[in-house]
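Shown next, in C-alpha cells, is the structure this report addresses.
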Number of protein chains: 2
Amino acid sequence: VKVLTLARDLQRRRARERQGLFVAEGVRAVEELLRSTLRIRAVLTSPALASAPRGRALVDELRARGVIAQEVREADFASAADTDSPQGVLAIAEVPRRTLESLELPVRARLLVLDGIQDPGNAGTLLRTAAALGAAATVALPGTVDVWNAKVVRSAMGSLFHGAVYSSTWEALDTFLRDQSIELWGADRAGEPLGALAPPARLALVVGNEGSGLSERARVRLARRVSIPIAADVDSLNVAVAAGILLYELRA
Amino acid sequence: VKVLTLARDLQRRRARERQGLFVAEGVRAVEELLRSTLRIRAVLTSPALASAPRGRALVDELRARGVIAQEVREADFASAADTDSPQGVLAIAEVPRRTLESLELPVRARLLVLDGIQDPGNAGTLLRTAAALGAAATVALPGTVDVWNAKVVRSAMGSLFHGAVYSSTWEALDTFLRDQSIELWGADRAGEPLGALAPPARLALVVGNEGSGLSERARVRLARRVSIPIAADVDSLNVAVAAGILLYELRA
C-alpha cells in the first residue's frame with residue numbers, strides 16, 4: 001500500500017521535486033531503467049503483467065536483480081498509472097542529481113535547449129532525438145514541462161535514463177555557455193535559412209513553445225536565428241521534427 | 001440529434017469509409033477546414049465554444065459562410081468528441097475522392113509512403129512534415145492507421161485538407177511508380193548511411209511501422225535502403241523525425 005500511495009503522489013510535479021523521485025511506467029520503460037545506472041526504489045505490479053511473455057520475463061529479471069515488486073489489484077494499479085491501458089508495471093526511481101557545471105564537453109559539441117516546450121510527447125521525442133543525433137546534453141528551461149513527468153519518461157524511450165538531461169535556469173545556462181565558449185542559436189521561422197550557415201565548434205540550439213515559439217528571454221541571447229525552409233501554405237513543422245533536421249544538418 | 005448521431009457513428013473507421021465522411025474536431029481544425037476546398041456537411045457545437053473569443057469568432061465565421069451549426073449539451077458533445085477536454089466544436093466533412101492516377105508530378109518530385117504506421121499522432125505529424133517539406137503527395141498503404149481518424153486529422157494540422165493524401169494498395173502504387181518513373185527508397189536502420197547518396201529526380205520514401213519497421217512487401221520493392229546515423233545506445237529515431245530528416249536531406 002505504501003508503494004501505491006507513493007506512486008500516486010508522484011503524479012504531481014511538486015511531489016516529484018520534493019522527493020527527488022519519478023515513475024517509469026510500462027514494460028519497456030522499466031526494462032530501460034534496469035539497463036541504466038539510475039537507482040530503483042520500488043516496483044509496483046498488477047496481475048496484468050504476468051499475462052504477457054515479455055511481462056513475465058521482466059518479473060524474472062526484477063527478481064534476479066533483487067528488486068522487490070509489490071503486487072496490487074488492477075483497479076489500484078490503474079489509480080497510480082498514467083496510461084489508459086496499463087501493462088501492469090511501474091518503477092519508482094531516483095531523479096539523478098546532475099548539474100551543468102559537472103558536464104564535460106568535447107572540442108566540438110552540440111546541445112539542445114528546451115524553452116517552454118509544453119507537450120510531454122514532444123518533450124520526450126526531443127530528448128530521444130537529441131540523444132540519437134549525438135547531442136552532449138539537453139537542457140530544460142523554466143516554462144518547459146517537467147522532464148520527469150510520466151508521459152515524457154515514456155516517450156523519451158530510455159534516453160532520459162542514459163542521456164545527459166539537465167534542468168537549469170537561464171542564468172545558470174548563461175554562465176555555462178560563456179565558460180564553455182558555446183554559441184546559442186535559436187530555431188525561428190523568421191531566421192536565416194539553414195543550408196548556407198557554417199556552425200561553430202560548440203553550438204547550443206534552442207527550440208521554443210509549440211504555439212508561440214521562442215521566448216523573449218531566449219531571443220535577446222541568440223547569436224543567430226535559423227529557419228528550415230518550408231512550404232508557404234504550411235504553418236510550421238512539429239518542434240521535434242524541426243529539432244531533428246537542425247541537429248542533423250548542424251551536427252558536430 | 002441527427003448530427004450528434006452521425007458524429008458518434010463516424011468514430012468508427014468502417015462508418016467513415018462507408019459514408020465517405022470524417023470529423024474535424026476543435027477550433028483550429030474547423031478553422032483549417034473552412035480555409036480548404038473540402039465540403040462541410042454539418043457542424044456540432046456545445047456551449048463551451050462561446051466561452052473563448054476565438055470560439056465566438058469561429059461561430060461568426062460559420063454563420064457568415066451559411067454553415068448551420070447545431071448546438072447540443074456539453075455531455076452529448078463529449079460523447080461524440082475524441083478529445084478529453086473538448087473545445088465545443090466539430091465539423092463533419094466529405095473525404096475528398098482522390099486517386100493516384102490523377103496526380104500530376106513536376107520533373108523533380110518527392111513522395112512519402114506510410115507502410116504500417118500505427119500511432120495516429122505519428123501519422124498526422126508525418127502528413128504535416130511531408131506537406132511542409134514540399135512532398136508532392138503522401139500515400140497511406142494497408143496496415144496504416146486510417147488517415148481520416150480524428151486524432152490524425154488533429155495532428156496533421158490542416159495538411160490533410162490542403163495536401164495531397166492518398167490511400168492506396170501496393171499494386172496501385174506499383175503501377176503509379178512505374179508509369180511515373182519514381183524510384184522507391186526505404187528508411188531502414190541497416191541501410192546505407194545518408195550523406196553519400198545522390199537521390200534520383202523522382203523519389204518515393206517509404207517509412208515503416210514504429211515497432212517492426214518496413215514490411216516484407218516494402219522490402220522486396222526497394223531500389224535502396226537508407227539510414228540516418230545515430231548513437232549506438234539509442235534504439236531509433238521517432239518515425240516522423242526520421243522522415244523529416246530524410247525528406248529534408250533528399251529534397252528535390
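Numbering starts fresh at 1 for the residues of each chain in the C-alpha cells, the chains themselves are lettered A, B, ... in the order given, and ligands are numbered from 1 as they appear.
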Next on the checklist: Give me the residues near Ser167 (chain B) as a PyMOL selection string, where near means some atom within 9 Å (using only C-alpha atoms) and where sequence neighbours in that chain fewer than 5 positions away do not count.
Outcome noted: chain B and resi 98-100+138-142+146-147
Item to check | Per-residue DSSP, region 42-151 of chain A, filtered to strand (DSSP E or B), as a list in words | outcome: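 Selection result, strand (DSSP E or B) within region 42-151 of chain A: Ala42, Val43, Leu44, Thr45, Ala69, Gln70, Glu71, Val89, Leu90, Ala91, Ile92, Ala93, Glu94, Ala109, Arg110, Leu111, Leu112, Val113, Leu114, Asp115, Ala137, Thr138, Val139 and Ala140 of chain A.
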Checklist entry - What residues in chain B have any atom no more than 9 Å from chain A when counting only C-alpha atoms, and can you write them as a ChimeraX atom specification? => result /B:125,128-129,131-134,157-159,162,228-238,240-246,248-249
Item to check | All alpha helix (DSSP H) residues (DSSP, backbone) inside region 81-180 of chain A, as a PyMOL selection string | outcome: chain A and resi 120-132+150-156+159-162+170-179
Item to check | Who sits within 8 Å of Ala204 (chain B), only C-alpha atoms, same chain under 3 positions skipped, as a PyMOL selection string | outcome: chain B and resi 110-113+182-185
Checklist entry - So which residues touch Glu216 (chain B) within 12 Å, counting only C-alpha atoms, skipping near sequence neighbours fewer than 5 positions away, as a list in words? => result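 Result of the neighbour search: Asp115, Gly116, Trp170, Gly186, Gly208, Asn209, Arg221 and Leu222 of chain B.
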Next on the checklist: To one decimal place in Å, what is the distance between CA of Ala109 (chain B) and CA of Ala252 (chain B)?
Outcome noted: 5.8 Å
Checklist entry - Can you list, as a list in words, every protein, DNA or RNA residue that comes within 8 Å of Glu32 (chain A) when you count only C-alpha atoms, leaving out same-chain residues fewer than 3 positions away? => result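 Using only C-alpha atoms, the neighbours found are Arg28, Ala29, Arg35, Ser36, Met157, Gly158 and Phe161 of chain A.
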Atoms kept (N, CA and C atoms) for selection, written as a PDB file, in the first residue's frame:
ATOM      1  N   ARG A  28       8.478  -1.586 -21.307  1.00  0.00           N
ATOM      2  CA  ARG A  28       9.660  -1.064 -21.978  1.00  0.00           C
ATOM      3  C   ARG A  28      10.423  -0.059 -21.119  1.00  0.00           C
ATOM      4  N   ALA A  29       9.679   0.855 -20.477  1.00  0.00           N
ATOM      5  CA  ALA A  29      10.324   1.883 -19.649  1.00  0.00           C
ATOM      6  C   ALA A  29      11.075   1.243 -18.480  1.00  0.00           C
ATOM      7  N   ARG A  35      18.461  -1.145 -17.358  1.00  0.00           N
ATOM      8  CA  ARG A  35      19.703  -1.075 -18.134  1.00  0.00           C
ATOM      9  C   ARG A  35      20.501   0.190 -17.818  1.00  0.00           C
ATOM     10  N   SER A  36      19.946   1.094 -17.034  1.00  0.00           N
ATOM     11  CA  SER A  36      20.616   2.357 -16.720  1.00  0.00           C
ATOM     12  C   SER A  36      21.285   2.271 -15.351  1.00  0.00           C
ATOM     13  N   MET A 157      11.813   7.147 -24.237  1.00  0.00           N
ATOM     14  CA  MET A 157      12.295   5.791 -24.511  1.00  0.00           C
ATOM     15  C   MET A 157      13.713   5.531 -24.031  1.00  0.00           C
ATOM     16  N   GLY A 158      13.970   5.787 -22.780  1.00  0.00           N
ATOM     17  CA  GLY A 158      15.266   5.424 -22.210  1.00  0.00           C
ATOM     18  C   GLY A 158      16.313   6.520 -22.309  1.00  0.00           C
ATOM     19  N   PHE A 161      17.210   8.212 -19.173  1.00  0.00           N
ATOM     20  CA  PHE A 161      17.943   7.472 -18.153  1.00  0.00           C
ATOM     21  C   PHE A 161      19.441   7.463 -18.452  1.00  0.00           C
TER      22      PHE A 161
END
Checklist outcome for this item: Here CA of Thr37 (chain A) and CA of Ala137 (chain A) stand apart by 17.0 Å
Next on the checklist: Taking only C-alpha atoms into account, name the residue in A:Val206, A:Leu6, A:Leu33, A:Ala196 that is nearest to Phe77 (chain A).
Outcome noted: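 Between A:Val206, A:Leu6, A:Leu33, A:Ala196, the residue approaching Phe77 (chain A) most closely is A:Leu6.
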Checklist entry - Quick one, how far is CA of Phe22 (chain B) from CA of Asn149 (chain B)? => result 7.4 Å
Checklist entry - Counting only C-alpha atoms, which of B:Ser212, B:Thr5, B:Thr45, B:Thr175 gets nearest to Gln70 (chain B)? => result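 Looking only at the distances to Gln70 (chain B), the closest residue turns out to be B:Thr45.
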Can you pull out every residue within 7 Å of Val30 (chain B), counting only C-alpha atoms, but drop anything in the same chain fewer than 6 positions away, and send it as a compact mmCIF listing (two decimals) with N, CA and C atoms, in the first residue's frame?
# COMPACT_ATOMS: atom_id res chain seq x y z
N ALA B 24 -13.69 16.64 -38.11
CA ALA B 24 -12.59 17.52 -37.69
C ALA B 24 -13.03 18.19 -36.41
N LEU B 90 -17.13 20.66 -33.63
CA LEU B 90 -16.64 19.66 -34.58
C LEU B 90 -17.40 19.83 -35.87
N ALA B 91 -16.73 19.52 -36.98
CA ALA B 91 -17.38 19.59 -38.29
C ALA B 91 -17.32 18.23 -38.95
